[in-house]
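Enquirer: Below you'll find upload.cif; it's mmCIF, C-alpha atoms (C1' of nucleotides).
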```cif
data_work
#
loop_
_atom_site.label_atom_id
_atom_site.label_comp_id
_atom_site.auth_asym_id
_atom_site.auth_seq_id
_atom_site.Cartn_x
_atom_site.Cartn_y
_atom_site.Cartn_z
CA MET A 1 -10.17 2.21 1.62
CA ASN A 2 -10.89 2.16 5.29
CA PRO A 3 -7.83 3.07 7.39
CA TYR A 4 -7.13 6.17 5.40
CA ILE A 5 -10.70 7.36 5.49
CA LYS A 6 -10.47 7.02 9.23
CA ARG A 7 -7.41 9.22 9.29
CA ILE A 8 -9.05 11.77 7.05
CA LYS A 9 -12.05 11.80 9.36
CA GLU A 10 -9.84 12.39 12.36
CA LEU A 11 -8.06 15.25 10.65
CA SER A 12 -11.33 16.76 9.61
CA LYS A 13 -12.44 16.78 13.23
CA LYS A 14 -9.47 18.96 14.09
CA MET A 15 -10.42 21.40 11.41
CA ASP A 16 -11.88 24.81 12.14
CA PRO A 17 -15.56 24.17 12.95
CA GLY A 18 -16.66 27.04 10.73
CA ILE A 19 -14.90 25.57 7.71
CA LEU A 20 -16.16 22.12 8.51
CA ALA A 21 -19.71 23.41 8.70
CA GLU A 22 -19.32 25.14 5.36
CA VAL A 23 -18.04 21.98 3.73
CA GLU A 24 -20.76 19.86 5.26
CA ARG A 25 -23.42 22.09 3.86
CA GLY A 26 -22.59 20.30 0.60
CA PHE A 27 -23.38 16.91 2.10
CA VAL A 28 -26.75 15.34 1.44
CA GLU A 29 -27.97 12.09 2.86
CA LYS A 30 -29.58 9.81 0.33
CA GLU A 31 -30.97 6.29 0.26
CA TYR A 32 -30.88 3.71 -2.51
CA ALA A 33 -32.85 0.52 -2.89
CA LYS A 34 -31.05 -2.78 -3.45
CA GLY A 35 -30.20 -3.09 -7.13
CA SER A 36 -30.44 0.61 -7.91
CA PHE A 37 -27.56 2.61 -9.32
CA LEU A 38 -25.71 5.50 -7.74
CA LEU A 39 -23.96 6.04 -11.05
CA ARG A 40 -24.45 4.64 -14.54
CA VAL A 41 -22.18 4.33 -17.54
CA GLY A 42 -22.37 7.52 -19.56
CA GLN A 43 -23.11 9.83 -16.66
CA ILE A 44 -20.49 12.22 -15.46
CA CYS A 45 -19.62 11.51 -11.86
CA SER A 46 -19.84 14.75 -9.93
CA SER A 47 -20.01 13.42 -6.40
CA HIS A 48 -18.35 11.16 -3.92
CA PHE A 49 -20.55 8.73 -2.05
CA LEU A 50 -19.60 8.07 1.54
CA ILE A 51 -21.27 4.84 2.55
CA GLN A 52 -23.19 5.07 5.81
CA SER A 53 -24.75 1.64 5.84
CA GLY A 54 -25.30 -1.23 3.44
CA VAL A 55 -23.11 -2.61 0.66
CA ALA A 56 -22.32 -1.37 -2.84
CA ARG A 57 -20.00 -2.20 -5.68
CA LYS A 58 -18.36 -0.65 -8.71
CA PHE A 59 -18.32 -2.67 -11.91
CA TYR A 60 -18.01 -2.46 -15.69
CA ARG A 61 -19.25 -4.66 -18.50
CA HIS A 62 -16.85 -6.39 -20.85
CA ASN A 63 -17.99 -8.98 -23.39
CA GLU A 64 -21.36 -9.56 -21.73
CA LYS A 65 -19.64 -10.03 -18.38
CA GLU A 66 -19.71 -7.81 -15.34
CA ILE A 67 -16.34 -7.22 -13.75
CA THR A 68 -16.48 -5.89 -10.21
CA THR A 69 -13.56 -3.64 -9.32
CA GLU A 70 -14.47 -2.41 -5.87
CA ILE A 71 -16.76 -3.42 -3.04
CA TYR A 72 -17.85 -0.83 -0.51
CA PHE A 73 -18.93 -1.05 3.11
CA HIS A 74 -19.49 1.41 5.96
CA ASP A 75 -17.10 4.37 5.77
CA ASP A 76 -15.81 3.56 2.27
CA VAL A 77 -16.02 6.17 -0.45
CA ALA A 78 -17.42 5.28 -3.86
CA VAL A 79 -16.58 7.40 -6.88
CA SER A 80 -15.70 6.96 -10.52
CA LEU A 81 -12.32 8.58 -10.29
CA ASP A 82 -11.79 8.59 -14.01
CA SER A 83 -15.07 10.34 -14.72
CA TYR A 84 -14.76 12.65 -11.74
CA ILE A 85 -11.22 13.79 -12.55
CA MET A 86 -11.31 13.82 -16.32
CA LYS A 87 -14.87 15.12 -16.46
CA ARG A 88 -15.92 12.59 -19.01
CA PRO A 89 -18.74 10.04 -19.13
CA SER A 90 -18.25 7.23 -16.68
CA ASP A 91 -17.24 3.81 -17.97
CA ILE A 92 -18.36 2.13 -14.76
CA TYR A 93 -21.52 1.57 -12.74
CA ILE A 94 -21.92 1.98 -9.02
CA GLU A 95 -24.69 -0.25 -7.71
CA ALA A 96 -26.34 -0.77 -4.34
CA LEU A 97 -26.07 -4.44 -3.37
CA SER A 98 -28.39 -3.93 -0.41
CA PRO A 99 -30.57 -1.12 0.86
CA LEU A 100 -28.04 1.65 1.10
CA LYS A 101 -27.60 4.89 3.00
CA VAL A 102 -24.96 7.27 1.70
CA MET A 103 -23.74 10.79 2.21
CA VAL A 104 -23.50 12.46 -1.17
CA ILE A 105 -20.61 14.91 -1.35
CA ASP A 106 -21.19 17.35 -4.14
CA TYR A 107 -18.11 18.03 -6.21
CA SER A 108 -18.51 21.69 -7.12
CA ARG A 109 -19.29 22.74 -3.57
CA PHE A 110 -16.42 20.74 -2.23
CA GLN A 111 -14.09 22.20 -4.82
CA LYS A 112 -15.07 25.73 -3.92
CA ALA A 113 -14.33 25.05 -0.28
CA SER A 114 -11.06 23.41 -1.18
CA GLN A 115 -9.99 26.44 -3.20
CA LYS A 116 -10.75 28.64 -0.26
CA TYR A 117 -9.28 26.48 2.49
CA PRO A 118 -5.97 24.69 1.96
CA GLU A 119 -6.79 22.25 4.75
CA VAL A 120 -9.78 21.04 2.76
CA MET A 121 -7.73 20.55 -0.38
CA MET A 122 -5.23 18.69 1.73
CA LEU A 123 -7.88 16.18 2.77
CA ASP A 124 -8.99 15.79 -0.81
CA LYS A 125 -5.41 15.20 -1.88
CA MET A 126 -4.92 12.61 0.86
CA PHE A 127 -7.93 10.72 -0.36
CA ILE A 128 -6.57 10.50 -3.87
CA GLU A 129 -3.10 9.63 -2.69
CA TYR A 130 -4.47 6.69 -0.84
CA TYR A 131 -6.55 5.64 -3.78
CA ALA A 132 -3.50 5.64 -6.04
CA VAL A 133 -1.44 3.62 -3.58
CA TRP A 134 -4.24 1.13 -3.16
CA PHE A 135 -4.50 0.71 -6.92
CA GLU A 136 -0.80 0.17 -7.27
CA GLN A 137 -0.97 -2.63 -4.72
CA LYS A 138 -3.96 -4.21 -6.37
CA LEU A 139 -2.22 -4.25 -9.73
CA LYS A 140 0.77 -5.90 -8.11
CA GLU A 141 -1.47 -8.62 -6.69
CA PHE A 142 -2.85 -9.39 -10.12
CA GLN A 143 0.64 -9.55 -11.56
CA THR A 144 2.15 -11.82 -8.95
CA LEU A 145 -0.52 -13.97 -7.29
CA ASP A 146 -2.40 -16.95 -8.68
CA ALA A 147 -6.14 -17.36 -8.24
CA THR A 148 -5.96 -19.24 -4.94
CA THR A 149 -3.58 -16.79 -3.36
CA ARG A 150 -5.66 -13.83 -4.49
CA TYR A 151 -8.64 -15.44 -2.82
CA LEU A 152 -6.74 -16.03 0.41
CA SER A 153 -5.42 -12.51 0.35
CA MET A 154 -8.94 -11.19 -0.01
CA LEU A 155 -10.14 -13.32 2.89
CA GLU A 156 -7.45 -11.82 5.03
CA LYS A 157 -7.65 -8.21 3.95
CA GLU A 158 -11.34 -7.82 3.29
CA PRO A 159 -13.10 -10.47 5.35
CA ARG A 160 -16.42 -8.64 5.16
CA ILE A 161 -16.66 -9.49 1.49
CA ILE A 162 -17.05 -13.19 1.98
CA LYS A 163 -19.90 -12.71 4.41
CA HIS A 164 -22.03 -10.38 2.39
CA ILE A 165 -21.36 -10.79 -1.31
CA PRO A 166 -22.59 -13.49 -3.74
CA VAL A 167 -19.90 -15.72 -5.17
CA THR A 168 -20.55 -14.56 -8.74
CA ILE A 169 -19.53 -11.06 -7.78
CA ILE A 170 -16.54 -12.20 -5.74
CA ALA A 171 -15.30 -14.24 -8.68
CA SER A 172 -15.39 -11.24 -10.98
CA TYR A 173 -13.72 -9.14 -8.30
CA LEU A 174 -10.84 -11.63 -8.21
CA ASN A 175 -10.94 -11.89 -11.99
CA ILE A 176 -11.48 -15.63 -12.04
CA SER A 177 -14.39 -17.72 -13.25
CA LEU A 178 -17.25 -18.76 -11.03
CA GLU A 179 -16.31 -22.38 -11.39
CA THR A 180 -12.68 -21.88 -10.51
CA LEU A 181 -13.63 -19.93 -7.40
CA SER A 182 -15.98 -22.69 -6.39
CA ARG A 183 -13.21 -25.27 -6.74
CA ILE A 184 -10.79 -23.11 -4.79
CA ARG A 185 -13.28 -22.81 -1.97
CA SER A 186 -14.00 -26.50 -1.75
CA LYS A 187 -10.29 -27.35 -1.83
CA ILE A 188 -9.53 -24.90 0.98
CA SER A 189 -12.29 -26.00 3.30
CA ALA A 190 -11.38 -29.65 2.70
CA MET B 1 2.15 10.21 -17.87
CA ASN B 2 2.81 12.72 -20.56
CA PRO B 3 -0.31 14.73 -21.48
CA TYR B 4 -1.08 15.57 -17.90
CA ILE B 5 2.47 16.57 -17.11
CA LYS B 6 2.21 18.90 -20.06
CA ARG B 7 -0.91 20.47 -18.59
CA ILE B 8 0.70 20.81 -15.20
CA LYS B 9 3.68 22.49 -16.85
CA GLU B 10 1.43 24.93 -18.64
CA LEU B 11 -0.40 25.78 -15.44
CA SER B 12 2.85 26.25 -13.62
CA LYS B 13 3.91 28.79 -16.23
CA LYS B 14 0.89 30.88 -15.39
CA MET B 15 1.79 30.84 -11.75
CA ASP B 16 3.16 33.87 -9.92
CA PRO B 17 6.83 34.04 -10.91
CA GLY B 18 7.87 34.63 -7.33
CA ILE B 19 6.18 31.45 -6.17
CA LEU B 20 7.53 29.50 -9.10
CA ALA B 21 11.03 30.67 -8.32
CA GLU B 22 10.62 29.63 -4.71
CA VAL B 23 9.46 26.18 -5.73
CA GLU B 24 12.21 25.76 -8.25
CA ARG B 25 14.83 26.49 -5.68
CA GLY B 26 14.06 22.94 -4.57
CA PHE B 27 14.92 21.50 -7.98
CA VAL B 28 18.35 20.03 -8.54
CA GLU B 29 19.62 18.65 -11.80
CA LYS B 30 21.32 15.32 -11.51
CA GLU B 31 22.81 12.73 -13.86
CA TYR B 32 22.83 8.97 -13.61
CA ALA B 33 24.91 6.44 -15.50
CA LYS B 34 23.20 3.61 -17.35
CA GLY B 35 22.39 0.83 -14.90
CA SER B 36 22.55 3.00 -11.80
CA PHE B 37 19.64 3.42 -9.42
CA LEU B 38 17.67 6.55 -8.62
CA LEU B 39 15.96 4.63 -5.83
CA ARG B 40 16.52 1.24 -4.25
CA VAL B 41 14.31 -1.12 -2.30
CA GLY B 42 14.43 -0.18 1.36
CA GLN B 43 15.07 3.51 0.84
CA ILE B 44 12.36 6.01 1.57
CA CYS B 45 11.46 7.91 -1.55
CA SER B 46 11.57 11.60 -0.72
CA SER B 47 11.75 13.05 -4.22
CA HIS B 48 10.11 13.09 -7.59
CA PHE B 49 12.37 12.63 -10.60
CA LEU B 50 11.39 14.59 -13.67
CA ILE B 51 13.13 12.97 -16.62
CA GLN B 52 15.01 15.45 -18.80
CA SER B 53 16.67 13.00 -21.17
CA GLY B 54 17.32 9.29 -21.38
CA VAL B 55 15.21 6.32 -20.33
CA ALA B 56 14.42 4.80 -16.94
CA ARG B 57 12.16 2.18 -15.44
CA LYS B 58 10.52 1.19 -12.20
CA PHE B 59 10.58 -2.49 -11.25
CA TYR B 60 10.31 -4.90 -8.36
CA ARG B 61 11.63 -8.39 -7.78
CA HIS B 62 9.32 -11.33 -7.27
CA ASN B 63 10.57 -14.94 -7.16
CA GLU B 64 13.93 -14.13 -8.74
CA LYS B 65 12.19 -12.22 -11.52
CA GLU B 66 12.16 -8.53 -12.23
CA ILE B 67 8.74 -7.11 -13.03
CA THR B 68 8.81 -3.71 -14.70
CA THR B 69 5.82 -1.54 -13.86
CA GLU B 70 6.65 1.75 -15.52
CA ILE B 71 8.94 3.01 -18.25
CA TYR B 72 9.92 6.65 -18.30
CA PHE B 73 10.95 9.01 -21.10
CA HIS B 74 11.40 12.76 -21.47
CA ASP B 75 8.93 14.71 -19.32
CA ASP B 76 7.71 11.71 -17.35
CA VAL B 77 7.89 11.74 -13.56
CA ALA B 78 9.36 8.80 -11.68
CA VAL B 79 8.49 8.26 -8.04
CA SER B 80 7.66 5.40 -5.68
CA LEU B 81 4.23 6.64 -4.78
CA ASP B 82 3.74 4.08 -2.07
CA SER B 83 6.97 4.97 -0.32
CA TYR B 84 6.56 8.68 -0.91
CA ILE B 85 3.00 8.85 0.41
CA MET B 86 3.13 6.31 3.19
CA LYS B 87 6.66 7.28 4.21
CA ARG B 88 7.81 3.71 4.35
CA PRO B 89 10.72 1.85 2.73
CA SER B 90 10.28 1.46 -0.99
CA ASP B 91 9.41 -1.94 -2.39
CA ILE B 92 10.53 -0.94 -5.88
CA TYR B 93 13.66 0.11 -7.69
CA ILE B 94 14.00 2.99 -10.12
CA GLU B 95 16.83 2.34 -12.57
CA ALA B 96 18.45 4.31 -15.38
CA LEU B 97 18.28 2.29 -18.60
CA SER B 98 20.53 4.77 -20.39
CA PRO B 99 22.62 7.76 -19.37
CA LEU B 100 20.00 9.86 -17.68
CA LYS B 101 19.46 13.51 -16.85
CA VAL B 102 16.76 14.26 -14.29
CA MET B 103 15.43 17.13 -12.26
CA VAL B 104 15.19 16.03 -8.64
CA ILE B 105 12.25 17.61 -6.86
CA ASP B 106 12.80 17.51 -3.14
CA TYR B 107 9.73 16.50 -1.20
CA SER B 108 10.03 18.53 1.97
CA ARG B 109 10.75 21.76 0.13
CA PHE B 110 7.92 21.14 -2.23
CA GLN B 111 5.59 20.37 0.60
CA LYS B 112 6.46 23.57 2.39
CA ALA B 113 5.69 25.56 -0.72
CA SER B 114 2.48 23.66 -1.23
CA GLN B 115 1.35 24.44 2.31
CA LYS B 116 2.02 28.11 1.69
CA TYR B 117 0.58 28.38 -1.81
CA PRO B 118 -2.67 26.62 -2.69
CA GLU B 119 -1.81 26.77 -6.39
CA VAL B 120 1.23 24.61 -5.73
CA MET B 121 -0.79 22.05 -3.81
CA MET B 122 -3.26 22.08 -6.66
CA LEU B 123 -0.55 21.02 -9.10
CA ASP B 124 0.59 18.32 -6.75
CA LYS B 125 -2.95 17.07 -6.43
CA MET B 126 -3.40 17.06 -10.20
CA PHE B 127 -0.33 14.92 -10.57
CA ILE B 128 -1.63 12.31 -8.18
CA GLU B 129 -5.10 12.40 -9.68
CA TYR B 130 -3.68 11.57 -13.04
CA TYR B 131 -1.52 8.86 -11.60
CA ALA B 132 -4.54 7.21 -9.99
CA VAL B 133 -6.58 7.36 -13.18
CA TRP B 134 -3.70 5.94 -15.16
CA PHE B 135 -3.39 3.05 -12.73
CA GLU B 136 -7.08 2.30 -12.87
CA GLN B 137 -6.87 2.01 -16.65
CA LYS B 138 -3.81 -0.17 -16.50
CA LEU B 139 -5.50 -2.55 -14.09
CA LYS B 140 -8.46 -2.75 -16.44
CA GLU B 141 -6.16 -3.69 -19.30
CA PHE B 142 -4.72 -6.55 -17.31
CA GLN B 143 -8.20 -7.75 -16.41
CA THR B 144 -9.66 -7.67 -19.89
CA LEU B 145 -6.94 -8.03 -22.54
CA ASP B 146 -4.97 -11.12 -23.53
CA ALA B 147 -1.22 -11.02 -24.09
CA THR B 148 -1.38 -10.15 -27.79
CA THR B 149 -3.85 -7.34 -27.30
CA ARG B 150 -1.85 -5.91 -24.44
CA TYR B 151 1.17 -5.84 -26.71
CA LEU B 152 -0.75 -4.12 -29.51
CA SER B 153 -2.19 -1.63 -27.07
CA MET B 154 1.29 -0.82 -25.84
CA LEU B 155 2.54 -0.35 -29.41
CA GLU B 156 -0.22 2.14 -29.98
CA LYS B 157 -0.13 4.03 -26.72
CA GLU B 158 3.55 3.98 -25.92
CA PRO B 159 5.37 3.50 -29.23
CA ARG B 160 8.63 4.80 -27.81
CA ILE B 161 8.96 1.69 -25.70
CA ILE B 162 9.46 -0.67 -28.58
CA LYS B 163 12.26 1.42 -30.01
CA HIS B 164 14.36 1.77 -26.91
CA ILE B 165 13.73 -1.06 -24.50
CA PRO B 166 15.07 -4.65 -24.55
CA VAL B 167 12.46 -7.33 -25.07
CA THR B 168 13.12 -8.91 -21.68
CA ILE B 169 11.97 -5.73 -19.98
CA ILE B 170 9.00 -5.25 -22.28
CA ALA B 171 7.86 -8.80 -21.54
CA SER B 172 7.89 -8.16 -17.81
CA TYR B 173 6.11 -4.85 -18.35
CA LEU B 174 3.31 -6.69 -20.14
CA ASN B 175 3.48 -9.47 -17.56
CA ILE B 176 4.13 -12.22 -20.07
CA SER B 177 7.11 -14.49 -20.57
CA LEU B 178 9.98 -13.62 -22.88
CA GLU B 179 9.16 -16.55 -25.10
CA THR B 180 5.50 -15.69 -25.45
CA LEU B 181 6.35 -12.13 -26.38
CA SER B 182 8.77 -13.36 -29.00
CA ARG B 183 6.09 -15.57 -30.51
CA ILE B 184 3.58 -12.73 -30.50
CA ARG B 185 6.01 -10.51 -32.34
CA SER B 186 6.84 -13.04 -35.01
CA LYS B 187 3.17 -13.81 -35.57
CA ILE B 188 2.30 -10.14 -35.96
CA SER B 189 5.06 -9.26 -38.39
CA ALA B 190 4.29 -12.39 -40.43
"C1'" DG C 1 37.35 -9.50 -36.48
"C1'" DA C 2 37.38 -13.96 -33.59
"C1'" DG C 3 35.74 -15.60 -29.58
"C1'" DA C 4 32.73 -14.78 -25.69
"C1'" DT C 5 28.75 -13.15 -23.81
"C1'" DT C 6 24.00 -11.84 -24.10
"C1'" DA C 7 19.58 -11.49 -26.36
"C1'" DT C 8 16.11 -13.57 -29.16
"C1'" DT C 9 13.78 -17.21 -31.44
"C1'" DT C 10 11.98 -21.81 -31.96
"C1'" DG C 11 10.36 -26.32 -30.35
"C1'" DA C 12 8.26 -29.61 -27.09
"C1'" DT C 13 5.83 -30.09 -23.22
"C1'" DC C 14 3.03 -28.81 -18.95
"C1'" DT C 15 -0.32 -26.39 -16.12
"C1'" DA C 16 -3.58 -23.18 -14.36
"C1'" DT C 17 -7.64 -21.65 -15.44
"C1'" DG C 18 -11.48 -21.08 -18.73
"C1'" DT C 19 -15.65 -23.02 -20.98
"C1'" DC C 20 -19.62 -25.78 -21.56
"C1'" DA C 21 -22.90 -28.85 -19.60
"C1'" DA C 22 -25.21 -31.16 -16.11
"C1'" DA C 23 -26.30 -32.03 -11.24
"C1'" DT C 24 -27.29 -30.31 -6.89
"C1'" DT C 25 -28.17 -27.04 -3.40
"C1'" DT C 26 -30.23 -22.78 -1.72
"C1'" DC C 27 -33.43 -19.16 -1.97
"C1'" DT C 28 -38.03 -16.86 -3.09
"C1'" DG C 29 -42.64 -15.89 -3.31
"C1'" DT C 30 -47.14 -17.47 -2.50
"C1'" DA D 1 -44.16 -26.01 2.79
"C1'" DC D 2 -43.68 -26.38 -2.18
"C1'" DA D 3 -42.75 -25.20 -7.02
"C1'" DG D 4 -39.81 -22.72 -9.64
"C1'" DA D 5 -35.88 -19.86 -10.07
"C1'" DA D 6 -31.33 -18.80 -9.00
"C1'" DA D 7 -26.91 -19.86 -7.13
"C1'" DT D 8 -23.34 -23.14 -6.47
"C1'" DT D 9 -20.85 -27.29 -7.27
"C1'" DT D 10 -18.94 -30.97 -10.01
"C1'" DG D 11 -17.21 -33.14 -14.24
"C1'" DA D 12 -15.04 -33.35 -18.86
"C1'" DC D 13 -12.55 -31.04 -21.94
"C1'" DA D 14 -10.07 -26.97 -24.30
"C1'" DT D 15 -6.55 -23.42 -24.43
"C1'" DA D 16 -3.53 -19.48 -23.45
"C1'" DG D 17 0.48 -18.93 -21.88
"C1'" DA D 18 4.39 -20.86 -18.81
"C1'" DT D 19 8.52 -23.53 -18.49
"C1'" DC D 20 12.58 -26.01 -19.91
"C1'" DA D 21 15.89 -26.77 -23.39
"C1'" DA D 22 18.25 -25.99 -27.44
"C1'" DA D 23 19.40 -23.26 -31.56
"C1'" DT D 24 20.42 -18.83 -33.69
"C1'" DA D 25 21.44 -14.17 -33.86
"C1'" DA D 26 23.24 -9.92 -32.15
"C1'" DT D 27 26.55 -7.36 -29.34
"C1'" DC D 28 30.53 -6.56 -26.89
"C1'" DT D 29 35.59 -7.05 -25.75
"C1'" DC D 30 40.17 -7.25 -26.48
#
```
Please express what this file holds, its structure, as structure tokens.
Expert:
Amino acid sequence: MNPYIKRIKELSKKMDPGILAEVERGFVEKEYAKGSFLLRVGQICSSHFLIQSGVARKFYRHNEKEITTEIYFHDDVAVSLDSYIMKRPSDIYIEALSPLKVMVIDYSRFQKASQKYPEVMMLDKMFIEYYAVWFEQKLKEFQTLDATTRYLSMLEKEPRIIKHIPVTIIASYLNISLETLSRIRSKISA
Amino acid sequence: MNPYIKRIKELSKKMDPGILAEVERGFVEKEYAKGSFLLRVGQICSSHFLIQSGVARKFYRHNEKEITTEIYFHDDVAVSLDSYIMKRPSDIYIEALSPLKVMVIDYSRFQKASQKYPEVMMLDKMFIEYYAVWFEQKLKEFQTLDATTRYLSMLEKEPRIIKHIPVTIIASYLNISLETLSRIRSKISA
DNA sequence: GAGATTATTTGATCTATGTCAAATTTCTGT
DNA sequence: ACAGAAATTTGACATAGATCAAATAATCTC
């Protein structure tokens, strides 16, 4: 998520300060304890969560298992896009994996501003564009890479994950079993 | 793609006719012969292709194989999102699978209109939102469903595919081998 | 409409990864 | 620092789906 968020931030700095102030009036800082949920299955997601500090993840349950689809660090944005866009109950959870500080960006306020100011809608659009591109790439990885290569690719692209996240969660993020991940790791470090 | 495109079309009908006319000045009808390419790897994708009639697909090559990622029918929109958004050479092909009639929507013209008219940008944003949501779902299918279930799900959600597309392409679309797909089909009809 | 090309099916293996179970290591709270 | 819990590793085995090869079946070409 990161490089694009950075670009969006830069652009937002160039924005008219009055507009920016108006948008930011819809921002609220909030803290979550480790293990608590920013969003639960069934709720309608009406905010974006900009991570200030700490670690979080998005996951869903399938056959008793938890499958992690995204892992968030500083400056990432967590949201159930499906629920947010389609205005239907979320099929995913967003969970704090550590004590977490986030900026909650309220949807309806943001939308009002974005209807009034094209430059705000532009930023919103950029965010979603990037999200879509990122998803397309991720799908491609699943289609073309085997378990080991997916792990190596993660190490390279998202090195923070390996330092902060339990292996169980990493395994589900790579869509492989715990045991297989463990074997991959021992083979690589050997 | 379809239901959302329909909604976007409806909304566009309610738009100011002057604006609509201005946008549509950037539309050009174009025809492609079966087997020809609307976009090749290496080109920068600067248009959307709204399919009027015929069938097309998006695919990429990986280890000598062609992996099909999308199949387009009437009213679908074909575009290399990655290339279009990031303005870099496309890593995918878009190919006509039959004689094809499309409406080519020129990017720069569209963008100009969308900077001038928030309602145009809104439609553009809606398109990408839907695209992102669709991708998220597709990724989930790959993570949770086995080959047979993916095939059944495709039959249900995109029944047109089975009627018009050679099995080789369907297999790559489901990310399974030709032979496995053939076995799945014979088992199901048995 | 016969031969040639291409697509699909069927059969026999092979392999990556999953599953289940047990052993070991690491972490936690007191 | 220790007991108990949780996470991770290791081992043995099972399986979905791949690959290679051959046999049919369908389609195209002249």
Enquirer: Could you give me, as JSON lines, a per-residue list for chain D showing, wherever an atom lies at most 9 Å from an atom of chain B, the closest pair of atoms and their distance in Å to one decimal, using only C-alpha atoms (C1' of nucleotides) and sorting by chain then residue number from low to high?
Expert:
```
{"residue": "D:DA16", "atom": "C1'", "partner": "B:Asp146", "partner_atom": "CA", "distance": 8.5}
{"residue": "D:DG17", "atom": "C1'", "partner": "B:Thr180", "partner_atom": "CA", "distance": 7.0}
{"residue": "D:DA18", "atom": "C1'", "partner": "B:Ser177", "partner_atom": "CA", "distance": 7.1}
```
Enquirer: Please, which residues of chain B lie no more than 9 Å from chain C when the count uses all atoms listed in the file, and can they be set out as number ranges by chain?
Expert: B: 166-168, 178-179, 182-183, 186
Enquirer: Report as number ranges by chain all protein, DNA and RNA residues lying within 6 Å of B:Ser53, evaluated on all atoms listed in the file, omitting residues in the same chain fewer than 4 positions from it.
Expert: B: 74, 100-101
Enquirer: Would you write out those residues with C-alpha atoms, as a PDB file, in the coordinates of the input?
Expert:
```pdb
ATOM      1  CA  HIS B  74      11.400  12.760 -21.470  1.00  0.00           C
ATOM      2  CA  LEU B 100      20.000   9.860 -17.680  1.00  0.00           C
ATOM      3  CA  LYS B 101      19.460  13.510 -16.850  1.00  0.00           C
TER       4      LYS B 101
END
```
Enquirer: Residues picked by the PyMOL selection byres ((chain A) within 8 of (chain B)) here, as a ChimeraX atom specification?
Expert: /A:62,81-82,85,115,118,121-122,125,128-133,135-136,139,142-144,175
Enquirer: Go through the shown structure with the PyMOL selection byres ((chain A and resi 28) around 10) and write out the matching residues as a list in words.
Expert: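 For this structure, the PyMOL selection byres ((chain A and resi 28) around 10) resolves to Glu24, Arg25, Gly26, Phe27, Glu29, Lys30, Phe49, Val102, Met103, Val104, Ile105 and Asp106 of chain A.
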Enquirer: What do you get, as a VMD selection string, if you spell out every residue that the PyMOL selection byres ((chain B and resi 77) around 8) selects here?
Expert: chain B and resid 1 48 to 51 72 75 to 76 78 to 79
Enquirer: Tell me, in Å to one decimal, how far atom CA of B:Leu97 is from atom CA of B:Leu152.
Expert: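 Straight-line distance from atom CA of B:Leu97 to atom CA of B:Leu152 works out to 22.9 Å.
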Enquirer: So, counting only C-alpha atoms, which residue among A:Pro99, A:Ile94, A:Lys157, A:Ala21 is closest to A:Ser47?
Expert: A:Ile94
Enquirer: Between atom CA of B:Ala171 and atom CA of B:Ser189, what is the distance, to one decimal in Å?
Expert: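 These two atoms are separated by 17.1 Å.
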Enquirer: Between B:Ala96, B:His164, B:Lys112, B:Leu123, which one has atoms that come closest to B:Lys13, using only C-alpha atoms?
Expert: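 Going through B:Ala96, B:His164, B:Lys112, B:Leu123 one by one, the smallest distance to B:Lys13 is for B:Leu123.
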Enquirer: How far is it from atom CA of A:Tyr151 to atom CA of A:Ile184, in Å with one decimal?
Expert: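 Taking atom CA of A:Tyr151 as the start and atom CA of A:Ile184 as the end point, the length is 8.2 Å.
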Enquirer: Would you mind putting back N, CA and C atoms on stretch 54-62 of chain B, then writing it out as a tab-separated table (two decimals), in the coordinates of the input?
Expert:
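Contents of out_15.tsv, freshly written:
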```tsv
chain	number	residue	atom	x	y	z
B	54	GLY	N	16.98	10.66	-21.68
B	54	GLY	CA	17.32	9.29	-21.38
B	54	GLY	C	16.08	8.48	-21.02
B	55	VAL	N	16.30	7.25	-20.60
B	55	VAL	CA	15.21	6.32	-20.33
B	55	VAL	C	15.41	5.67	-18.97
B	56	ALA	N	14.32	5.46	-18.24
B	56	ALA	CA	14.42	4.80	-16.94
B	56	ALA	C	13.23	3.87	-16.75
B	57	ARG	N	13.31	3.05	-15.73
B	57	ARG	CA	12.16	2.18	-15.44
B	57	ARG	C	12.00	2.01	-13.94
B	58	LYS	N	10.80	1.59	-13.57
B	58	LYS	CA	10.52	1.19	-12.20
B	58	LYS	C	10.29	-0.31	-12.23
B	59	PHE	N	10.84	-1.04	-11.28
B	59	PHE	CA	10.58	-2.49	-11.25
B	59	PHE	C	10.68	-3.01	-9.83
B	60	TYR	N	10.11	-4.22	-9.63
B	60	TYR	CA	10.31	-4.90	-8.36
B	60	TYR	C	10.68	-6.35	-8.63
B	61	ARG	N	11.26	-6.99	-7.63
B	61	ARG	CA	11.63	-8.39	-7.78
B	61	ARG	C	10.57	-9.27	-7.14
B	62	HIS	N	10.28	-10.37	-7.82
B	62	HIS	CA	9.32	-11.33	-7.27
B	62	HIS	C	9.75	-12.70	-7.74
```
